[in-house]
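Asks: What follows is a single structure, and I will ask about it in a moment.
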Amino acid sequence: MADFSKDFQIAYDDARDACAIRFRCFDTPNSVTVFGPVGKDADVEGVLLEVRRMCLEFHRLWSFSFPASDIARINEPCEHVQVDMRTALLISSMKLFRETEPAFDFTVGPVSFVWKRAERVPSDEELEEALSHVGAGKVSVVGDVVEKADPLVQVDIGGAAKGFVADSVAAYLRSAGVASADIDLGGNLFMVGEHPAGRPWRVSVRVPEGVSAKAPIVEVRNQSVVTSGSYERFVEIGGKRYQHIVDARTGWPSDSDIISATVVSASSLQADMLATTTLLAGSSEFNALTARHPEARFIAITADGAVLSD
C-alpha cells in the first residue's frame, strides 16, 4: 500500500504572487495553485495542506485498494452497507444523472472487472453472467445506507469521483477566501474565479497523440474543464487494445468513434459524468446529448480528427 505521508511539494512563485502544492493521490499527480492573498485568518500553506488532506481522505474513502473503504465494502456481496454521507451523496448524484442519461450506468462494475482481469476475450456466457448483476435500479440510497437488491451488484465510480472531489476542493478554497486558483486533479481541472491577470482562464483542450486536429481553446471563469479519452487507458488482449470504458448496454468496451470528450461546467461532477457519457454516445448522438445539457459546453474529437462542439 502506497504511503503518501511525505509525498508533496509546496513552492512559491513571487513573480505571480502564487503558491502551489503538488502531490500524488488517486494514482495520479495532482496540483493546486492559489493566486493572490487568501483570507486574513488563513495562511496559504495551511490552506494547501488542507486541500491535500481532503484528497487523501477521499482516496481512502473510495479506493478499491483499501478493503475498509466505502466502495470496497459496497462491492462485497451484501444487501446493504452504511457509508460516509459523501459516498451516499456521490451515489445518489450518479443515480439522478442516469435518469437523464441511461448510457451512464455506475453499476457496470461486474462487467468492467471482467475486462480488467481478462487474459483472453471474455465469452458471451461470462459477459451475460456479469451483465445480470448490472442495473442502477438495483441500488438505492436511504440516508447513509446503500441498499442493493442484488447482493452481487458492484459500483464503478471512475466516471464521477474526481469531479466530486474537485467540486469539494473548489468550495473549500472559496470558503478560505481564495479568489483565484487552478485545481488539477489528474486532468480534472477546476478554475476558481478568474485568471489573476483579470481575464478568463484559457485552457487548451488535449488532442490525442497521432490525431491531426488543432487544439481548441476554451475560456472559463469559476468552471471545471474535464477531458476523458478512450486512448488513455486500455487492456490489451491477443495484441488488440480494448478501451477502459465499458458500455453497460452491451458488456463490451465502447466502440464509439469519439476518442476524446471535453466538457465545461460549473459542476466538475457533472462535467466528469458528461465526458464519459459523450465517449459512449459517439458522434451520431452528440447533438442530442448536448441539447439535453445546454448549461454545459462540449468539445469532442473523433478518431479521424473531426472536432465537434455544441
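So you can find residues: chains in the C-alpha cells are A, B, ... in the order shown, residues in each start at 1, and ligands are numbered from 1 in order.
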Could you list, as a PyMOL selection string, every residue within 12 Å of stretch 194-203 of chain A, counting only C-alpha atoms and ignoring same-chain residues fewer than 6 positions away?

Replies: chain A and resi 15-18+33-37+178-184+187-188+215-227+262-264

Asks: Find the residues near A:Pro294: any atom within 12 Å, counting only C-alpha atoms, skip ones fewer than 2 places away on the same chain, and give them as a PyMOL selection string.

Replies: chain A and resi 263-265+274+287-292+296-298+310

Asks: Those same residues - N, CA and C atoms - I'd like them written as a short mmCIF file (atom, residue, chain, number, x, y, z; two decimals), in the first residue's frame.

Replies:
data_model
loop_
_atom_site.label_atom_id
_atom_site.label_comp_id
_atom_site.auth_asym_id
_atom_site.auth_seq_id
_atom_site.Cartn_x
_atom_site.Cartn_y
_atom_site.Cartn_z
N VAL A 263 -15.71 18.50 -21.47
CA VAL A 263 -16.93 19.17 -21.04
C VAL A 263 -16.58 20.28 -20.06
N VAL A 264 -17.20 21.44 -20.26
CA VAL A 264 -17.03 22.59 -19.37
C VAL A 264 -18.33 22.80 -18.62
N SER A 265 -18.26 22.90 -17.30
CA SER A 265 -19.45 23.07 -16.49
C SER A 265 -19.09 23.74 -15.17
N LEU A 274 -20.61 13.75 -17.78
CA LEU A 274 -20.95 14.04 -19.17
C LEU A 274 -19.82 13.68 -20.12
N ASN A 287 -25.23 15.59 -30.91
CA ASN A 287 -26.10 16.77 -30.90
C ASN A 287 -27.27 16.61 -29.93
N ALA A 288 -27.83 15.41 -29.87
CA ALA A 288 -28.93 15.17 -28.95
C ALA A 288 -28.46 15.29 -27.50
N LEU A 289 -27.26 14.79 -27.22
CA LEU A 289 -26.71 14.86 -25.88
C LEU A 289 -26.48 16.31 -25.46
N THR A 290 -25.85 17.09 -26.32
CA THR A 290 -25.58 18.48 -25.96
C THR A 290 -26.87 19.28 -25.80
N ALA A 291 -27.90 18.95 -26.57
CA ALA A 291 -29.17 19.66 -26.46
C ALA A 291 -29.83 19.42 -25.11
N ARG A 292 -29.59 18.25 -24.53
CA ARG A 292 -30.18 17.94 -23.21
C ARG A 292 -29.47 18.66 -22.08
N ALA A 296 -23.97 23.18 -20.11
CA ALA A 296 -22.58 22.75 -20.27
C ALA A 296 -22.10 23.01 -21.69
N ARG A 297 -20.77 23.02 -21.86
CA ARG A 297 -20.18 23.14 -23.19
C ARG A 297 -19.43 21.85 -23.51
N PHE A 298 -19.49 21.43 -24.76
CA PHE A 298 -18.91 20.15 -25.18
C PHE A 298 -17.94 20.36 -26.34
N ASP A 310 -20.68 22.07 -29.40
CA ASP A 310 -22.08 22.49 -29.36
C ASP A 310 -22.22 24.00 -29.62
#

Asks: List every residue of stretch 79-273 of chain A that DSSP, applied to the backbone, labels as strand (DSSP E), and write the result as a PyMOL selection string.

Replies: chain A and resi 80-82+139-142+145-148+180-185+188-192+201-204+217-220+223-229+234-237+240-243+258-265

Asks: For A:Ala171, which of A:Leu131, A:Val192, A:Val83, A:Ala213 is the closest residue, counting only C-alpha atoms?

Replies: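 Going through A:Leu131, A:Val192, A:Val83, A:Ala213 one by one, the smallest distance to A:Ala171 is for A:Val192.
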
Asks: Any idea what the distance is between atom CA of A:Phe164 and atom CA of A:Leu56?

Replies: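 Answer for the atom CA of A:Phe164 to atom CA of A:Leu56 separation: 13.6 Å.
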
Asks: DSSP on the backbone, helix (DSSP H, G or I) only: what residues of stretch 10-236 of chain A does that give? Format it as an mmCIF file with N, CA and C atoms, in the first residue's frame.

Replies:
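Written output follows (selection30.cif):
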data_model
loop_
_atom_site.group_PDB
_atom_site.id
_atom_site.type_symbol
_atom_site.label_atom_id
_atom_site.label_comp_id
_atom_site.auth_asym_id
_atom_site.auth_seq_id
_atom_site.Cartn_x
_atom_site.Cartn_y
_atom_site.Cartn_z
ATOM 1 N N ASP A 14 6.918 34.120 -6.487
ATOM 2 C CA ASP A 14 6.709 35.516 -6.095
ATOM 3 C C ASP A 14 6.341 36.399 -7.282
ATOM 4 N N ALA A 15 6.859 36.059 -8.450
ATOM 5 C CA ALA A 15 6.582 36.892 -9.625
ATOM 6 C C ALA A 15 5.096 36.893 -9.966
ATOM 7 N N ARG A 16 4.423 35.776 -9.665
ATOM 8 C CA ARG A 16 2.984 35.683 -9.965
ATOM 9 C C ARG A 16 2.127 35.764 -8.705
ATOM 10 N N VAL A 44 -1.529 30.510 3.484
ATOM 11 C CA VAL A 44 -1.674 29.811 2.212
ATOM 12 C C VAL A 44 -1.174 28.376 2.290
ATOM 13 N N GLU A 45 -0.072 28.149 3.006
ATOM 14 C CA GLU A 45 0.421 26.774 3.116
ATOM 15 C C GLU A 45 -0.564 25.903 3.884
ATOM 16 N N GLY A 46 -1.163 26.445 4.915
ATOM 17 C CA GLY A 46 -2.155 25.687 5.663
ATOM 18 C C GLY A 46 -3.357 25.332 4.807
ATOM 19 N N VAL A 47 -3.775 26.263 3.948
ATOM 20 C CA VAL A 47 -4.893 26.011 3.045
ATOM 21 C C VAL A 47 -4.549 24.891 2.071
ATOM 22 N N LEU A 48 -3.364 24.935 1.500
ATOM 23 C CA LEU A 48 -2.973 23.932 0.518
ATOM 24 C C LEU A 48 -2.777 22.557 1.169
ATOM 25 N N LEU A 49 -2.243 22.527 2.359
ATOM 26 C CA LEU A 49 -2.102 21.248 3.053
ATOM 27 C C LEU A 49 -3.473 20.649 3.398
ATOM 28 N N GLU A 50 -4.443 21.511 3.676
ATOM 29 C CA GLU A 50 -5.790 21.017 3.928
ATOM 30 C C GLU A 50 -6.397 20.439 2.658
ATOM 31 N N VAL A 51 -6.115 21.050 1.516
ATOM 32 C CA VAL A 51 -6.582 20.500 0.242
ATOM 33 C C VAL A 51 -6.027 19.094 0.050
ATOM 34 N N ARG A 52 -4.748 18.932 0.290
ATOM 35 C CA ARG A 52 -4.134 17.611 0.142
ATOM 36 C C ARG A 52 -4.749 16.614 1.116
ATOM 37 N N ARG A 53 -4.970 17.052 2.363
ATOM 38 C CA ARG A 53 -5.579 16.155 3.346
ATOM 39 C C ARG A 53 -6.965 15.713 2.887
ATOM 40 N N MET A 54 -7.745 16.642 2.346
ATOM 41 C CA MET A 54 -9.066 16.305 1.841
ATOM 42 C C MET A 54 -8.984 15.239 0.752
ATOM 43 N N CYS A 55 -8.051 15.431 -0.186
ATOM 44 C CA CYS A 55 -7.924 14.484 -1.296
ATOM 45 C C CYS A 55 -7.523 13.101 -0.807
ATOM 46 N N LEU A 56 -6.578 13.045 0.126
ATOM 47 C CA LEU A 56 -6.163 11.751 0.664
ATOM 48 C C LEU A 56 -7.317 11.071 1.401
ATOM 49 N N GLU A 57 -8.139 11.864 2.068
ATOM 50 C CA GLU A 57 -9.292 11.298 2.766
ATOM 51 C C GLU A 57 -10.293 10.707 1.774
ATOM 52 N N PHE A 58 -10.551 11.421 0.686
ATOM 53 C CA PHE A 58 -11.431 10.886 -0.347
ATOM 54 C C PHE A 58 -10.841 9.612 -0.948
ATOM 55 N N HIS A 59 -9.520 9.611 -1.156
ATOM 56 C CA HIS A 59 -8.865 8.435 -1.728
ATOM 57 C C HIS A 59 -9.081 7.211 -0.838
ATOM 58 N N ARG A 60 -8.880 7.383 0.459
ATOM 59 C CA ARG A 60 -9.060 6.264 1.379
ATOM 60 C C ARG A 60 -10.535 5.862 1.492
ATOM 61 N N LEU A 61 -11.411 6.822 1.282
ATOM 62 C CA LEU A 61 -12.841 6.554 1.390
ATOM 63 C C LEU A 61 -13.356 5.747 0.206
ATOM 64 N N TRP A 62 -12.743 5.950 -0.973
ATOM 65 C CA TRP A 62 -13.316 5.391 -2.192
ATOM 66 C C TRP A 62 -12.409 4.435 -2.962
ATOM 67 N N ASP A 70 -15.384 2.672 1.610
ATOM 68 C CA ASP A 70 -16.818 2.526 1.350
ATOM 69 C C ASP A 70 -17.085 1.747 0.072
ATOM 70 N N ILE A 71 -16.334 2.044 -0.983
ATOM 71 C CA ILE A 71 -16.581 1.381 -2.267
ATOM 72 C C ILE A 71 -16.230 -0.099 -2.189
ATOM 73 N N ALA A 72 -15.125 -0.422 -1.533
ATOM 74 C CA ALA A 72 -14.763 -1.836 -1.381
ATOM 75 C C ALA A 72 -15.843 -2.588 -0.604
ATOM 76 N N ARG A 73 -16.391 -1.956 0.420
ATOM 77 C CA ARG A 73 -17.426 -2.621 1.224
ATOM 78 C C ARG A 73 -18.738 -2.747 0.457
ATOM 79 N N ILE A 74 -19.082 -1.714 -0.315
ATOM 80 C CA ILE A 74 -20.284 -1.788 -1.145
ATOM 81 C C ILE A 74 -20.172 -2.934 -2.139
ATOM 82 N N MET A 85 -21.516 10.012 4.468
ATOM 83 C CA MET A 85 -22.543 10.773 3.758
ATOM 84 C C MET A 85 -22.048 11.274 2.405
ATOM 85 N N ARG A 86 -20.742 11.492 2.269
ATOM 86 C CA ARG A 86 -20.219 11.927 0.968
ATOM 87 C C ARG A 86 -20.346 10.804 -0.065
ATOM 88 N N THR A 87 -20.156 9.583 0.369
ATOM 89 C CA THR A 87 -20.354 8.439 -0.527
ATOM 90 C C THR A 87 -21.820 8.320 -0.919
ATOM 91 N N ALA A 88 -22.692 8.486 0.045
ATOM 92 C CA ALA A 88 -24.127 8.426 -0.236
ATOM 93 C C ALA A 88 -24.524 9.505 -1.237
ATOM 94 N N LEU A 89 -23.955 10.699 -1.086
ATOM 95 C CA LEU A 89 -24.274 11.793 -1.997
ATOM 96 C C LEU A 89 -23.739 11.518 -3.394
ATOM 97 N N LEU A 90 -22.542 10.958 -3.480
ATOM 98 C CA LEU A 90 -21.969 10.632 -4.790
ATOM 99 C C LEU A 90 -22.853 9.619 -5.522
ATOM 100 N N ILE A 91 -23.242 8.564 -4.844
ATOM 101 C CA ILE A 91 -24.051 7.529 -5.491
ATOM 102 C C ILE A 91 -25.439 8.070 -5.840
ATOM 103 N N SER A 92 -26.006 8.870 -4.957
ATOM 104 C CA SER A 92 -27.303 9.487 -5.261
ATOM 105 C C SER A 92 -27.205 10.387 -6.489
ATOM 106 N N SER A 93 -26.099 11.118 -6.606
ATOM 107 C CA SER A 93 -25.900 12.011 -7.753
ATOM 108 C C SER A 93 -25.771 11.220 -9.051
ATOM 109 N N MET A 94 -25.068 10.088 -9.008
ATOM 110 C CA MET A 94 -24.945 9.259 -10.197
ATOM 111 C C MET A 94 -26.292 8.652 -10.588
ATOM 112 N N LYS A 95 -27.081 8.246 -9.597
ATOM 113 C CA LYS A 95 -28.412 7.703 -9.883
ATOM 114 C C LYS A 95 -29.290 8.758 -10.552
ATOM 115 N N LEU A 96 -29.248 9.976 -10.034
ATOM 116 C CA LEU A 96 -30.059 11.055 -10.597
ATOM 117 C C LEU A 96 -29.623 11.376 -12.019
ATOM 118 N N PHE A 97 -28.321 11.421 -12.252
ATOM 119 C CA PHE A 97 -27.794 11.710 -13.592
ATOM 120 C C PHE A 97 -28.240 10.641 -14.578
ATOM 121 N N ARG A 98 -28.236 9.394 -14.153
ATOM 122 C CA ARG A 98 -28.587 8.308 -15.064
ATOM 123 C C ARG A 98 -30.049 8.360 -15.504
ATOM 124 N N GLU A 99 -30.897 9.022 -14.741
ATOM 125 C CA GLU A 99 -32.290 9.155 -15.163
ATOM 126 C C GLU A 99 -32.396 9.908 -16.485
ATOM 127 N N THR A 100 -31.457 10.828 -16.715
ATOM 128 C CA THR A 100 -31.412 11.572 -17.980
ATOM 129 C C THR A 100 -30.550 10.867 -19.010
ATOM 130 N N GLY A 109 -19.733 -2.144 -12.810
ATOM 131 C CA GLY A 109 -18.588 -2.773 -12.160
ATOM 132 C C GLY A 109 -18.368 -4.244 -12.473
ATOM 133 N N PRO A 110 -19.374 -5.115 -12.372
ATOM 134 C CA PRO A 110 -19.128 -6.541 -12.648
ATOM 135 C C PRO A 110 -18.556 -6.791 -14.033
ATOM 136 N N VAL A 111 -19.009 -6.018 -15.025
ATOM 137 C CA VAL A 111 -18.505 -6.205 -16.384
ATOM 138 C C VAL A 111 -17.124 -5.561 -16.535
ATOM 139 N N SER A 112 -16.955 -4.365 -15.972
ATOM 140 C CA SER A 112 -15.656 -3.693 -16.044
ATOM 141 C C SER A 112 -14.559 -4.567 -15.466
ATOM 142 N N PHE A 113 -14.850 -5.216 -14.334
ATOM 143 C CA PHE A 113 -13.841 -6.041 -13.682
ATOM 144 C C PHE A 113 -13.532 -7.295 -14.484
ATOM 145 N N VAL A 114 -14.516 -7.827 -15.210
ATOM 146 C CA VAL A 114 -14.242 -8.965 -16.098
ATOM 147 C C VAL A 114 -13.195 -8.572 -17.129
ATOM 148 N N TRP A 115 -13.356 -7.400 -17.725
ATOM 149 C CA TRP A 115 -12.415 -6.946 -18.753
ATOM 150 C C TRP A 115 -11.055 -6.574 -18.166
ATOM 151 N N LYS A 116 -11.042 -5.966 -16.996
ATOM 152 C CA LYS A 116 -9.774 -5.568 -16.385
ATOM 153 C C LYS A 116 -8.905 -6.778 -16.051
ATOM 154 N N ARG A 117 -9.543 -7.889 -15.718
ATOM 155 C CA ARG A 117 -8.788 -9.085 -15.307
ATOM 156 C C ARG A 117 -8.602 -10.083 -16.434
ATOM 157 N N ASP A 124 -19.309 -15.027 -24.317
ATOM 158 C CA ASP A 124 -20.665 -14.478 -24.215
ATOM 159 C C ASP A 124 -21.296 -14.864 -22.884
ATOM 160 N N GLU A 125 -21.028 -16.086 -22.444
ATOM 161 C CA GLU A 125 -21.609 -16.562 -21.189
ATOM 162 C C GLU A 125 -21.060 -15.761 -19.998
ATOM 163 N N GLU A 126 -19.755 -15.470 -20.020
ATOM 164 C CA GLU A 126 -19.159 -14.688 -18.934
ATOM 165 C C GLU A 126 -19.743 -13.286 -18.888
ATOM 166 N N LEU A 127 -19.899 -12.671 -20.052
ATOM 167 C CA LEU A 127 -20.452 -11.322 -20.104
ATOM 168 C C LEU A 127 -21.915 -11.306 -19.700
ATOM 169 N N GLU A 128 -22.663 -12.309 -20.128
ATOM 170 C CA GLU A 128 -24.080 -12.379 -19.753
ATOM 171 C C GLU A 128 -24.234 -12.532 -18.239
ATOM 172 N N GLU A 129 -23.383 -13.343 -17.642
ATOM 173 C CA GLU A 129 -23.436 -13.527 -16.193
ATOM 174 C C GLU A 129 -23.132 -12.205 -15.486
ATOM 175 N N ALA A 130 -22.085 -11.504 -15.952
ATOM 176 C CA ALA A 130 -21.734 -10.221 -15.342
ATOM 177 C C ALA A 130 -22.850 -9.203 -15.541
ATOM 178 N N LEU A 131 -23.426 -9.164 -16.749
ATOM 179 C CA LEU A 131 -24.491 -8.199 -17.047
ATOM 180 C C LEU A 131 -25.741 -8.454 -16.212
ATOM 181 N N ALA A 136 -28.635 0.155 -12.465
ATOM 182 C CA ALA A 136 -28.682 1.200 -11.435
ATOM 183 C C ALA A 136 -29.947 1.107 -10.596
ATOM 184 N N GLY A 137 -31.005 0.535 -11.172
ATOM 185 C CA GLY A 137 -32.236 0.380 -10.420
ATOM 186 C C GLY A 137 -32.115 -0.601 -9.266
ATOM 187 N N LYS A 138 -31.034 -1.370 -9.247
ATOM 188 C CA LYS A 138 -30.826 -2.344 -8.177
ATOM 189 C C LYS A 138 -30.156 -1.724 -6.960
ATOM 190 N N ALA A 161 -15.921 10.298 -9.556
ATOM 191 C CA ALA A 161 -15.286 10.551 -8.261
ATOM 192 C C ALA A 161 -14.414 11.800 -8.247
ATOM 193 N N LYS A 162 -13.521 11.941 -9.229
ATOM 194 C CA LYS A 162 -12.631 13.103 -9.208
ATOM 195 C C LYS A 162 -13.395 14.400 -9.419
ATOM 196 N N GLY A 163 -14.497 14.337 -10.161
ATOM 197 C CA GLY A 163 -15.326 15.522 -10.313
ATOM 198 C C GLY A 163 -15.923 15.954 -8.985
ATOM 199 N N PHE A 164 -16.415 14.983 -8.209
ATOM 200 C CA PHE A 164 -16.962 15.274 -6.882
ATOM 201 C C PHE A 164 -15.886 15.912 -6.003
ATOM 202 N N VAL A 165 -14.671 15.351 -6.041
ATOM 203 C CA VAL A 165 -13.581 15.879 -5.216
ATOM 204 C C VAL A 165 -13.202 17.288 -5.662
ATOM 205 N N ALA A 166 -13.113 17.520 -6.967
ATOM 206 C CA ALA A 166 -12.757 18.851 -7.467
ATOM 207 C C ALA A 166 -13.765 19.895 -7.006
ATOM 208 N N ASP A 167 -15.052 19.558 -7.036
ATOM 209 C CA ASP A 167 -16.073 20.481 -6.535
ATOM 210 C C ASP A 167 -15.861 20.771 -5.051
ATOM 211 N N SER A 168 -15.522 19.740 -4.293
ATOM 212 C CA SER A 168 -15.315 19.893 -2.852
ATOM 213 C C SER A 168 -14.112 20.782 -2.570
ATOM 214 N N VAL A 169 -13.029 20.582 -3.323
ATOM 215 C CA VAL A 169 -11.831 21.398 -3.140
ATOM 216 C C VAL A 169 -12.113 22.853 -3.508
ATOM 217 N N ALA A 170 -12.810 23.069 -4.616
ATOM 218 C CA ALA A 170 -13.136 24.436 -5.036
ATOM 219 C C ALA A 170 -13.987 25.132 -3.977
ATOM 220 N N ALA A 171 -14.969 24.425 -3.423
ATOM 221 C CA ALA A 171 -15.819 25.013 -2.393
ATOM 222 C C ALA A 171 -15.004 25.362 -1.150
ATOM 223 N N TYR A 172 -14.069 24.481 -0.781
ATOM 224 C CA TYR A 172 -13.231 24.764 0.380
ATOM 225 C C TYR A 172 -12.352 25.998 0.140
ATOM 226 N N LEU A 173 -11.732 26.091 -1.032
ATOM 227 C CA LEU A 173 -10.869 27.235 -1.320
ATOM 228 C C LEU A 173 -11.653 28.546 -1.252
ATOM 229 N N ARG A 174 -12.851 28.537 -1.800
ATOM 230 C CA ARG A 174 -13.667 29.765 -1.729
ATOM 231 C C ARG A 174 -13.964 30.117 -0.273
ATOM 232 N N SER A 175 -14.291 29.097 0.548
ATOM 233 C CA SER A 175 -14.607 29.351 1.953
ATOM 234 C C SER A 175 -13.390 29.880 2.712
#

Asks: So which residues touch A:Ala149 within 10 Å, counting only C-alpha atoms, skipping near sequence neighbours fewer than 2 positions away, as a PyMOL selection string?

Replies: chain A and resi 78-80+133+135+137-140+147+151-153

Asks: Output the selection as a compact mmCIF listing (two decimals), in the first residue's frame - C-alpha atoms for each residue.

Replies:
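The new file part-v4.txt reads:
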# COMPACT_ATOMS: atom_id res chain seq x y z
CA CYS A 78 -24.13 -7.76 0.63
CA GLU A 79 -27.62 -6.32 0.75
CA HIS A 80 -26.86 -3.03 2.49
CA HIS A 133 -25.75 -8.10 -11.94
CA GLY A 135 -28.53 -2.13 -13.25
CA GLY A 137 -32.24 0.38 -10.42
CA LYS A 138 -30.83 -2.34 -8.18
CA VAL A 139 -29.12 0.26 -5.98
CA SER A 140 -30.87 2.71 -3.69
CA GLU A 147 -29.05 -0.84 -0.38
CA PRO A 151 -26.01 -8.60 -3.46
CA LEU A 152 -23.56 -9.05 -6.38
CA VAL A 153 -24.05 -5.54 -7.79
